[in-house]
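Colleague: Below are the structure tokens for one structure; questions will follow.
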Amino acid sequence: MPVLALDVGGANIKLANASGYADSMEFPLWKRRDALPEILKEVREHAPVFQRLALTMTGELADCFGTKQEGVRFILSCVQDIFNDVEIRVYLTTGELASVSSAAERPLDAAASNWHALGRYACRHFPTKGDGAVIDIGSTTTDFVPIRDGKLLNVGRTDPQRLLAGELVYSGIERTPICAMAQTVQLRGADCPLAAELFATSLDIFLVMGLIDEATENHETADGRPATREFAKSRLARMVCADAEELTWTEVNEMARELYRKQVKFAAARWERAMSAKSLSPELVVISGHGDFLAEAILDAAGVTSQRIYLSDLINDRAARCGPAFALAVWAEENW
């Protein structure tokens, strides 16, 4: 029976099936938690025909919840209410597909489980002997998933464990605050401290550098203005307490490039930590997510010369953008 997989994150909801259908809906859960049932109704209305639902999530960490356990149970309750006429299974970081009631009893196993589903799916593309890894970069985070002999070899399962191991890096290509990426930048020949304010995010770096296309309809920016190069310049200027009239394009471009280098350097150090924990020397790396250009830069900075394969070359681009949901759909079809 056809399975629809749902990945409920803190900033968006992604859905996919094993046939290659995939879609993503922006939804700032931390701002509009009570609207989750309404959004799930829209998801259901637009989804292809399905008879079973597989669920994974990362949205439980949103600060609209007092604890992760509360977040997991809230998401489970909303999903069960809207999809009450289909069989539902929840993917756990133990690799199990659990019932909703079982997942509610084990909320920390259901929390932040989407990376595990992606890594497990990717394992089928690795040889049965040898080292490898998955690097998945989205709007908020970077995941490094170690693989050996075609099986997951992660050190951590929970977010804190994975942060400590270097397997989770809270740095992405859209939502990372600039003030979390660096304390200073070079400006007019001197180190200039950055404002500790949410004036700009990583999205603005890549808009200015031309690595991400402008999107006038996207207002999920630090100041709520469109995701365009002009507004990105203004947002980055405010990081040094200036405005777009005070800084030239050359100065803002130099700022963006320096911040990019610092983001890459930090993530590359975490990659090295994650790989060294199990003495991995990856011979193959699968790159996933819409931050593929950042993934390439991180691997280069870490001196990784192994073969690289894009998930989008293994499946279609849309499904690759929703990689964990697609991975879960495939796994659920095979292991329900």
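The chains in the structure tokens are called A, B, ... from first to last as shown; in each chain the residues are counted from 1, and the ligands are counted from 1 in the order shown.
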Which residues, written as a list of chain:residue names, have at least one atom at most 12 Å from Asp34 of chain A, with only C-alpha atoms counted and residues fewer than 4 positions away on the same chain left out?

Modeller: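 Listed by chain and then number, they are A:Phe27, A:Pro28, A:Leu29, A:Trp30, A:Glu38, A:Ile39, A:Leu40, A:Cys64, A:Phe65, A:Gly71, A:Phe74, A:Ile75, A:Ser77, A:Cys78.
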
Colleague: Using 12 Å as the limit and counting only C-alpha atoms, can you tabulate each residue of segment 137-243 of chain A that touches segment 112-123 of chain A, with its shortest atom-to-atom distance in Å and the two atoms involved, as a tab-separated table?

Modeller:
residue	atom	partner	partner_atom	distance
A:Ile137	CA	A:Trp115	CA	10.6
A:Gly138	CA	A:Trp115	CA	11.3
A:Thr141	CA	A:Trp115	CA	10.6
A:Thr142	CA	A:Trp115	CA	9.9
A:Asp143	CA	A:Trp115	CA	7.0
A:Phe144	CA	A:Trp115	CA	8.8
A:Val145	CA	A:Gly119	CA	6.1
A:Pro146	CA	A:Gly119	CA	8.3
A:Ile147	CA	A:Cys123	CA	7.1
A:Arg148	CA	A:Cys123	CA	8.8
A:Asp149	CA	A:Cys123	CA	8.7
A:Gly150	CA	A:Cys123	CA	5.0
A:Lys151	CA	A:Cys123	CA	5.9
A:Leu152	CA	A:Arg120	CA	6.6
A:Leu153	CA	A:Gly119	CA	9.7
A:Asn154	CA	A:His116	CA	9.1
A:Val155	CA	A:His116	CA	11.9
A:Gly156	CA	A:His116	CA	10.5
A:Arg157	CA	A:Ser113	CA	8.4
A:Thr158	CA	A:Ala112	CA	7.1
A:Asp159	CA	A:Ala112	CA	7.0
A:Pro160	CA	A:Ala112	CA	10.7
A:Gln161	CA	A:Ala112	CA	11.7
A:Arg162	CA	A:Ala112	CA	10.6
A:Glu167	CA	A:Trp115	CA	10.1
A:Leu168	CA	A:Trp115	CA	9.5

Colleague: Write out as number ranges by chain all residues of segment 27-135 of chain A that DSSP puts in alpha helix (DSSP H) for this structure's backbone.

Modeller: A: 36-46, 68-82, 100-105, 107-110, 114-122

Colleague: Can I get the selected residues back with C-alpha atoms, as a CSV table (one decimal), in the first residue's frame?

Modeller:
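Listed below is the output, again-v4.csv:
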chain,number,residue,atom,x,y,z
A,36,LEU,CA,0.0,23.1,12.8
A,37,PRO,CA,-3.3,21.2,12.3
A,38,GLU,CA,-4.4,23.7,9.7
A,39,ILE,CA,-1.1,23.3,7.8
A,40,LEU,CA,-1.3,19.5,8.0
A,41,LYS,CA,-4.8,19.6,6.5
A,42,GLU,CA,-3.3,21.5,3.5
A,43,VAL,CA,-0.5,18.9,3.3
A,44,ARG,CA,-3.1,16.2,3.1
A,45,GLU,CA,-5.2,17.9,0.5
A,46,HIS,CA,-2.2,18.3,-1.8
A,68,LYS,CA,11.3,18.2,23.6
A,69,GLN,CA,9.0,15.6,25.1
A,70,GLU,CA,6.2,18.2,24.9
A,71,GLY,CA,7.1,19.0,21.3
A,72,VAL,CA,7.2,15.4,20.2
A,73,ARG,CA,3.8,14.6,21.8
A,74,PHE,CA,2.2,17.8,20.4
A,75,ILE,CA,3.4,16.9,16.8
A,76,LEU,CA,2.2,13.3,17.2
A,77,SER,CA,-1.2,14.5,18.5
A,78,CYS,CA,-1.7,16.9,15.6
A,79,VAL,CA,-0.6,14.3,13.0
A,80,GLN,CA,-2.9,11.7,14.5
A,81,ASP,CA,-5.9,14.1,14.5
A,82,ILE,CA,-5.5,15.1,10.9
A,100,VAL,CA,2.1,6.7,17.6
A,101,SER,CA,1.3,5.5,21.2
A,102,SER,CA,4.7,3.8,21.4
A,103,ALA,CA,6.5,6.9,20.1
A,104,ALA,CA,4.7,9.0,22.6
A,105,GLU,CA,6.1,6.8,25.4
A,107,PRO,CA,9.6,10.8,22.8
A,108,LEU,CA,13.4,11.2,22.9
A,109,ASP,CA,13.8,8.3,20.4
A,110,ALA,CA,11.3,10.0,18.1
A,114,ASN,CA,15.2,12.5,10.1
A,115,TRP,CA,19.0,12.4,9.7
A,116,HIS,CA,18.9,8.7,10.7
A,117,ALA,CA,16.3,7.9,8.0
A,118,LEU,CA,18.4,9.7,5.4
A,119,GLY,CA,21.6,8.0,6.5
A,120,ARG,CA,20.0,4.6,6.5
A,121,TYR,CA,18.7,5.1,3.0
A,122,ALA,CA,22.1,6.3,1.7

Colleague: Would you list the contacts of segment 51-61 of chain A as a VMD selection string, taking every protein, DNA or RNA residue within 7 Å and counting only C-alpha atoms, but skipping same-chain residues closer than 3 positions in sequence?

Modeller: chain A and resid 1 to 10 68 71 to 72 86 to 91 111 to 114 329 332

Colleague: Write a file of the selected residues as a compact mmCIF listing (two decimals), in the first residue's frame, keeping N, CA, C and O atoms.

Modeller:
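part28.txt was written with the following content:
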# COMPACT_ATOMS: atom_id res chain seq x y z
N MET A 1 0.84 -1.20 0.00
CA MET A 1 0.00 0.00 0.00
C MET A 1 0.88 1.25 0.00
O MET A 1 1.89 1.28 0.71
N PRO A 2 0.54 2.28 -0.78
CA PRO A 2 1.39 3.47 -0.89
C PRO A 2 1.55 4.20 0.44
O PRO A 2 0.60 4.36 1.20
N VAL A 3 2.78 4.64 0.69
CA VAL A 3 3.12 5.34 1.93
C VAL A 3 3.47 6.79 1.62
O VAL A 3 4.20 7.07 0.66
N LEU A 4 2.96 7.70 2.43
CA LEU A 4 3.36 9.11 2.39
C LEU A 4 4.24 9.34 3.60
O LEU A 4 3.88 8.96 4.71
N ALA A 5 5.41 9.93 3.40
CA ALA A 5 6.31 10.25 4.50
C ALA A 5 6.26 11.75 4.78
O ALA A 5 6.25 12.56 3.86
N LEU A 6 6.22 12.08 6.05
CA LEU A 6 6.10 13.46 6.50
C LEU A 6 7.28 13.78 7.42
O LEU A 6 7.58 13.02 8.34
N ASP A 7 7.95 14.89 7.14
CA ASP A 7 9.08 15.35 7.95
C ASP A 7 8.71 16.72 8.50
O ASP A 7 8.71 17.72 7.78
N VAL A 8 8.36 16.77 9.79
CA VAL A 8 7.90 18.01 10.41
C VAL A 8 9.07 18.71 11.09
O VAL A 8 9.56 18.26 12.14
N GLY A 9 9.53 19.79 10.49
CA GLY A 9 10.64 20.55 11.04
C GLY A 9 10.19 21.81 11.72
O GLY A 9 9.00 22.13 11.78
N GLY A 10 11.14 22.57 12.22
CA GLY A 10 10.80 23.82 12.89
C GLY A 10 10.52 24.96 11.95
O GLY A 10 9.86 25.93 12.31
N LYS A 68 11.43 18.99 24.80
CA LYS A 68 11.33 18.19 23.57
C LYS A 68 10.23 17.15 23.69
O LYS A 68 9.56 16.84 22.70
N GLY A 71 7.13 18.75 22.75
CA GLY A 71 7.08 19.00 21.32
C GLY A 71 6.76 17.75 20.53
O GLY A 71 5.94 17.77 19.61
N VAL A 72 7.42 16.64 20.87
CA VAL A 72 7.16 15.38 20.18
C VAL A 72 5.70 15.00 20.32
O VAL A 72 5.02 14.65 19.33
N VAL A 86 -5.87 6.77 8.64
CA VAL A 86 -4.82 5.97 8.01
C VAL A 86 -3.89 5.42 9.09
O VAL A 86 -3.80 5.97 10.20
N GLU A 87 -3.21 4.36 8.76
CA GLU A 87 -2.24 3.78 9.69
C GLU A 87 -1.00 4.65 9.72
O GLU A 87 -0.48 5.04 8.67
N ILE A 88 -0.51 4.98 10.92
CA ILE A 88 0.63 5.87 11.09
C ILE A 88 1.76 5.14 11.81
O ILE A 88 1.53 4.41 12.77
N ARG A 89 2.96 5.32 11.31
CA ARG A 89 4.15 4.82 11.98
C ARG A 89 5.15 5.97 12.13
O ARG A 89 5.26 6.83 11.26
N VAL A 90 5.87 5.96 13.24
CA VAL A 90 6.82 7.02 13.56
C VAL A 90 8.24 6.45 13.53
O VAL A 90 8.50 5.41 14.15
N TYR A 91 9.12 7.12 12.80
CA TYR A 91 10.49 6.64 12.70
C TYR A 91 11.29 7.10 13.93
O TYR A 91 11.27 8.27 14.31
N ALA A 111 12.46 12.08 18.67
CA ALA A 111 12.96 13.43 18.43
C ALA A 111 14.15 13.42 17.47
O ALA A 111 15.01 12.54 17.53
N ALA A 112 14.19 14.40 16.57
CA ALA A 112 15.33 14.61 15.66
C ALA A 112 15.76 13.32 14.99
O ALA A 112 16.92 12.94 15.02
N SER A 113 14.81 12.67 14.33
CA SER A 113 15.09 11.35 13.76
C SER A 113 15.33 11.38 12.26
O SER A 113 15.69 10.36 11.67
N ASN A 114 15.15 12.54 11.61
CA ASN A 114 15.19 12.53 10.14
C ASN A 114 16.57 12.23 9.56
O ASN A 114 16.69 11.61 8.50
N ALA A 329 10.14 7.37 3.17
CA ALA A 329 9.09 6.76 2.35
C ALA A 329 9.57 5.44 1.76
O ALA A 329 8.85 4.44 1.78
N ALA A 332 9.94 2.87 4.62
CA ALA A 332 8.64 2.43 5.12
C ALA A 332 7.95 1.48 4.13
O ALA A 332 7.34 0.49 4.53

Colleague: Can you list every residue in segment 46-276 of chain A that DSSP puts in strand (DSSP E), as number ranges by chain?

Modeller: A: 52-57, 87-91, 97-98, 131-137, 142-148, 151-152, 168-169, 184-187, 190-193

Colleague: Excluding segment 257-269 of chain A and residues on its chain fewer than 2 positions from it, collect all residues at most 8 Å away from it, counting only C-alpha atoms, and give them as number ranges by chain.

Modeller: A: 169, 171, 178, 181-182, 185-186, 205, 209, 253-255, 271-273, 294, 297-299, 301-302

Colleague: Find, counting only C-alpha atoms, the residue in A:Val330, A:Gly291, A:Asp204, A:Leu314 that gets nearest to Ile135 of chain A.

Modeller: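 Checking each candidate against Ile135 of chain A, we get A:Gly291 as the closest.
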
Colleague: Atom CA of Ala98 of chain A to atom CA of Asp85 of chain A: how many Å, to one decimal?

Modeller: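 Going from atom CA of Ala98 of chain A over to atom CA of Asp85 of chain A, I get 17.1 Å.
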
Colleague: How close does segment 208-325 of chain A get to segment 192-197 of chain A? List, as CSV, each residue of segment 208-325 of chain A within 10 Å, its nearest atom pair and the distance in Å to one decimal, counting only C-alpha atoms.

Modeller:
residue,atom,partner,partner_atom,distance
A:Ala222,CA,A:Glu197,CA,9.7
A:Leu236,CA,A:Leu194,CA,9.9
A:Ala237,CA,A:Leu194,CA,10.0
A:Arg238,CA,A:Ala195,CA,7.8
A:Met239,CA,A:Ala195,CA,5.2
A:Val240,CA,A:Leu194,CA,5.3
A:Cys241,CA,A:Ala195,CA,6.7

Colleague: Go ahead and save the picked residues with all heavy atoms, as an mmCIF file, in the first residue's frame.

Modeller:
data_model
loop_
_atom_site.group_PDB
_atom_site.id
_atom_site.type_symbol
_atom_site.label_atom_id
_atom_site.label_comp_id
_atom_site.auth_asym_id
_atom_site.auth_seq_id
_atom_site.Cartn_x
_atom_site.Cartn_y
_atom_site.Cartn_z
ATOM 1 N N ALA A 222 15.842 38.059 8.291
ATOM 2 C CA ALA A 222 16.029 38.652 9.617
ATOM 3 C C ALA A 222 15.136 39.865 9.855
ATOM 4 O O ALA A 222 14.676 40.093 10.974
ATOM 5 C CB ALA A 222 17.496 39.027 9.819
ATOM 6 N N LEU A 236 23.363 42.876 5.988
ATOM 7 C CA LEU A 236 24.754 42.653 6.364
ATOM 8 C C LEU A 236 25.410 43.939 6.868
ATOM 9 O O LEU A 236 26.223 43.901 7.802
ATOM 10 C CB LEU A 236 25.535 42.099 5.167
ATOM 11 C CG LEU A 236 25.298 40.620 4.838
ATOM 12 C CD1 LEU A 236 26.077 40.222 3.592
ATOM 13 C CD2 LEU A 236 25.690 39.720 6.005
ATOM 14 N N ALA A 237 25.069 45.060 6.277
ATOM 15 C CA ALA A 237 25.633 46.337 6.728
ATOM 16 C C ALA A 237 25.288 46.599 8.186
ATOM 17 O O ALA A 237 26.113 47.114 8.962
ATOM 18 C CB ALA A 237 25.129 47.479 5.848
ATOM 19 N N ARG A 238 24.108 46.227 8.578
ATOM 20 C CA ARG A 238 23.694 46.450 9.964
ATOM 21 C C ARG A 238 24.497 45.611 10.949
ATOM 22 O O ARG A 238 24.549 45.920 12.142
ATOM 23 C CB ARG A 238 22.199 46.166 10.121
ATOM 24 C CG ARG A 238 21.338 47.333 9.688
ATOM 25 C CD ARG A 238 19.847 47.105 9.929
ATOM 26 N NE ARG A 238 19.134 48.367 9.808
ATOM 27 C CZ ARG A 238 18.804 48.943 8.661
ATOM 28 N NH1 ARG A 238 19.139 48.337 7.520
ATOM 29 N NH2 ARG A 238 18.163 50.091 8.624
ATOM 30 N N MET A 239 25.116 44.552 10.481
ATOM 31 C CA MET A 239 25.943 43.740 11.366
ATOM 32 C C MET A 239 27.165 44.515 11.860
ATOM 33 O O MET A 239 27.751 44.173 12.891
ATOM 34 C CB MET A 239 26.396 42.458 10.667
ATOM 35 C CG MET A 239 25.276 41.450 10.429
ATOM 36 S SD MET A 239 24.362 40.995 11.931
ATOM 37 C CE MET A 239 25.658 40.449 13.023
ATOM 38 N N VAL A 240 27.562 45.554 11.136
ATOM 39 C CA VAL A 240 28.633 46.439 11.621
ATOM 40 C C VAL A 240 28.046 47.809 11.959
ATOM 41 O O VAL A 240 28.730 48.843 11.895
ATOM 42 C CB VAL A 240 29.783 46.558 10.594
ATOM 43 C CG1 VAL A 240 30.542 45.241 10.509
ATOM 44 C CG2 VAL A 240 29.277 46.988 9.229
ATOM 45 N N CYS A 241 26.758 47.790 12.313
ATOM 46 C CA CYS A 241 26.043 48.991 12.760
ATOM 47 C C CYS A 241 26.056 50.111 11.717
ATOM 48 O O CYS A 241 26.070 51.301 12.052
ATOM 49 C CB CYS A 241 26.613 49.495 14.082
ATOM 50 S SG CYS A 241 26.520 48.254 15.394
#
